[in-house]
Structures are given as structure tokens and as C-alpha cells.
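Colleague: Handing you a structure now.
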Amino acid sequence: MRVVGLMSGTSYDAIDAAAADLSLDGGTLVLTPLGMISTAYDDDLRAELARTLPPGRTDLATVCRLDTGIGRAFAAAAVRADEELCGGRADLVASHGQTVYHWAEDGRVHGTLQIGEAAWIAEATGRPVVSGFRTRDVAAGGQGAPLVSIVDVMWLRGRPGVPVALNLGGIGNVTVVPGRAEGTAGEPLAFDTGPANALIDAAVRALAGRDASGEAYAMDAGGALAARGVVHPPLLRRLLDDPYYARPAPKTTGKELFHLPYLRSALASSGPLPAEDVVATLTRLTARTVAEAIRPFGATEVIASGGGTRNPVLMDWLREELDGSCGSAGSVGCVVRSSDELGLPAGAKEAYAFAVLGWLTAHGLPGTVPSCTGARHASVLGSITPGGPGLLLPRPPATAPVRLTVAEPAARCRTR
């Protein structure tokens with residue numbers, strides 16, 4: 001089955017569309033990457049989305065406009081991916097949509113909302129669309145996140161030691177896959193570590209002004225601002241005191257907590273600081289909280305993906321924080337590598353993961369690992385919107401796949 005996975009994360013900077021051929025070989029699901037395209041939201045749509053997200057306030061008319069606008073934007077991305085990556089032969093589209101609110105209180109998720117109506121995608125492509133993945137897990141008592149954990153578990157199962165998948169988007173999340181060595185057996189675990197790029201991006205947009213060309217900073221490209229700054233220890237200590245970090249897993253968070261007013265509140269007790277120092281402190285916060293989240297599990301390798309992997313300062317500081325503090329007895333630290341080394345492009349991994357989740361749903365198979373999301377049971381995720389005149393789904397396999405392998409890419413990954 002040829003599947004297009006669509007994803008826009010908590011940074012809401014672009015829609016990623018990744019295409020893959022997915023086939024079952026015994027108990028192994030084989031993923032052959034076909035490539036990825038990335039399409040930015042237009043300025044007006046992105047600005048309206050930014051005004052709506054927490055802690056902003058909105059009304060139902062705005063939500064309706066955004067649901068339609070984002071649905072059309074996702075539809076355009078799916079059409080491009082089908083034509084450019086699949087030769088017009090996609091069988092299915094799996095759309096994560098755009099998360100606009102994740103209702104978490106006192107360690108429990110009560111609801112979640114992703115918008116970008118799937119009917120626009122189905123109408124534009126003529127393909128069936130799987131969407132609304134997170135809600136079923138929440139209804140089953142889960143956190144609704146990180147949903148990529150089932151893909152991580154299938155992908156990393158059987159690797160030596162204790163591998164950890166790390167995604168550095170707006171929010172950081174990890175999946176810990178216990179190894180086969182003595183003392184490491186147990187159920188896999190997944191959770192959000194806290195902000196990855198969310199606070200860094202907020203600080204850059206609010207404090208950094210414009211670059212030498214006169215363009216407003218939107219992110220700390222290449223970690224340039226953090227590299228010029230100095231970490232401010234009192235601000236770092238204040239940020240590290242947030243109760244979220246001490247909560248047990250599974251747990252999830254988002255921009256409902258880690259947003260610009262949250263940062264301004266922390267800065268109020270620090271006095272005026274250069275923008276570079278604030279960005280450096282937030283970059284150290286991300287590296288520190290990710291490392292402290294991983295450390296108790298004795299990780300032997302961390303396989304990183306997401307936009308944060310393009311920040312060399314963040315990646316260097318993460319390695320520094322982990323150096324000598326993880327790994328099994330007798331080892332020194334753990335290796336931090338990009339998911340590219342294992343065949344999944346770091347910038348497209350989540351889109352590929354949702355292609356897999358769509359494949360599982362289309363085959364009537366569960367898309368969650370209860371120990372990772374905290375749900376009472378595994379669930380078949382999402383809703384299916386028919387594409388053409390009818391809906392013909394594949395027959396469920398006799399047994400669900402337990403492993404995922406990535407085959408040699410059939411085409412070079414493309415971005416735009």
C-alpha cells in the first residue's frame with residue numbers, strides 16, 4: 001500500500017508530506033521511503049493560527065475558518081505528494097492535522113483537538129483519508145501522545161542495549177525501548193520531556209528583533225543566537241523548577257503550558273537580559289531536561305529527529321549533558337545519532353510515522369502501545385473519510401506486525 005503521511009507539529013511552521021510504500025513480510029512491516037515535501041502555511045493563515053493558539057482566545061467563527069483553511073492547505077500538500085512522490089498512485093492519505101488544543105490537567109488528558117477537515121483532502125485527492133488519530137487513545141484513558149511511540153517500538157525493537165527515540169519539535173518526546181540485556185527487560189515507555197523548540201522560538205520572535213538583512217527572526221537558525229549568548233543560571237534554575245519535569249510518565253504537555261507569557265513570567269524575576277543570553281539559557285534548558293528524562297533508563301543510544309536536530313548547539317549541549325551519565329555498566333555515556341543513520345530522514349520521521357499509523361488503521365489494527373500512552377488498552381485509531389465513489393479497505397492480516405524495517409529509499413527525499 002502506498003501511503004502519504006501529513007504532519008504539522010507544535011511549531012506550525014510547515015506541512016510535511018512523506019510518502020512510503022508499506023508492505024507486510026511475515027511479522028515485519030517494511031517501509032520504503034518515497035520522499036518528502038514540505039509546504040509552509042501562507043502568512044495570513046499562519047498569523048491567524050498563531051493568534052488562536054494558547055494562551056490566545058478565539059471564537060467559533062475563527063475555528064471554522066482555520067479548520068477550512070488548514071484542511072485546504074493539507075489537501076494541497078497531499079495532491080503535491082501524490083503527484084510528485086507517488087506518480088499519482090497513492091492508495092491512502094494519513095493526516096495528523098494541526099493540534100490547536102491539548103486539554104491536560106493534573107497529569108490527565110481530558111480531550112484533544114486537531115483541525116484541518118479531512119473532507120477537503122479526500123475531495124482534492126480522491127483518496128481515502130485517515131484522520132483524528134489522538135482522540136480514541138484519550139477516550140481509552142491515554143495521553144493521546146506520543147502517538148509515534150508504536151512506530152518507535154516496532155522500529156527499534158531488537159536493537160542492542162537500550163535505544164531511545166527522541167523527537168525535538170516544539171515539544172520534545174522520547175520513546176524508551178527496553179533491551180534484551182539483563183536488568184533492562186520491561187514494557188516500553190514514552191512521554192513528553194517538555195519544551196524542545198517551543199520556548200526558544202517564542203524568545204527569538206519576541207526578543208531577537210531582525211537579522212542583518214532586515215528580516216524578523218523566526219527561529220534560532222543553526223543555533224547562532226545561543227552560540228553568542230551566555231547561560232543565565234538563576235533563570236535556568238527558575239525554569240527547571242517547573243513541576244512538569246518531576247511528574248511520572250506517561251505524561252504529555254504542549255504550548256498550553258510552555259508559551260510566551262510563561263517565559264515572560266520567568267524573565268520578570270531575572271532583570272533585563274540580552275536576547276542571546278535568553279536563547280542560550282532556553283537551549284540549555286531543553287538539553288538539560290531531555291537528558292534528565294533519559295538518564296534513569298540507562299540509554300545506550302539516542303536516535304534523534306525533528307527540527308531541533310538542525311541546531312548544532314542544542315545537539316552538542318545534549319551530548320554534553322548525557323556524557324558519562326547513561327549506558328549500561330562499564331559503558332561511557334550513550335551515542336546520540338540522527339534518525340537519518342537508520343533510514344528515516346530526521347525532518348520527515350513524524351510524517352512517515354503517521355503514514356504507518358494510517359496503514360494500521362486501514363488494516364483494522366491497533367495504533368497504540370498502552371504502556372506508552374497510559375491507555376487502558378490498545379485502540380484502532382482515527383476516522384476514515386472515503387475518497388472516491390466507494391470505500392474498499394484491505395483485509396486485516398492474520399497477525400499484526402511486531403517489527404518495522406526501513407528499506408533502501410526508492411527516491412531521494414526532497415524538500416521545498
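In the C-alpha cells, each chain is lettered A, B, ... as it comes, each chain's residues begin at 1, and ligands are numbered from 1 in order of appearance.
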Tell me, counting only C-alpha atoms, for each residue of region 303-370 of chain A within 12 Å of region 37-48 of chain A, which pair of atoms is nearest and how far apart they are in Å to one decimal, in rows ordered by chain and increasing number, as a tab-separated table.

Modeller:
residue	atom	partner	partner_atom	distance
A:Pro345	CA	A:Ile37	CA	11.8
A:Gly347	CA	A:Ser38	CA	9.5
A:Ala348	CA	A:Ile37	CA	8.7
A:Ala351	CA	A:Ile37	CA	10.2
A:Tyr352	CA	A:Ile37	CA	11.7

Colleague: Among region 147-344 of chain A, which residues does DSSP mark as strand (DSSP E or B) when it is run on the backbone? Keep the chain and numbering as in the structure and answer as a VMD selection string.

Modeller: chain A and resid 163 to 168 171 to 176 189 to 195 210 216 301 to 305 335 to 338

Colleague: Using only C-alpha atoms, which of the listed residues (A:Leu22, A:Ala75, A:Ile294, A:Leu263) sits closest to Leu360 (chain A)?

Modeller: A:Leu22

Colleague: Restricting the calculation to only C-alpha atoms: of A:Ala378, A:Ala165, A:Leu282, A:Ala73, which residue gets closest to Leu240 (chain A)?

Modeller: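 Once distances to Leu240 (chain A) are computed over only C-alpha atoms, the minimum belongs to A:Leu282.
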
Colleague: If you count only C-alpha atoms, which residues fall within 7 Å of Ala280 (chain A), apart from same-chain ones fewer than 6 positions away, as an MDAnalysis selection string?

Modeller: chainID A and resid 226:227 229:231
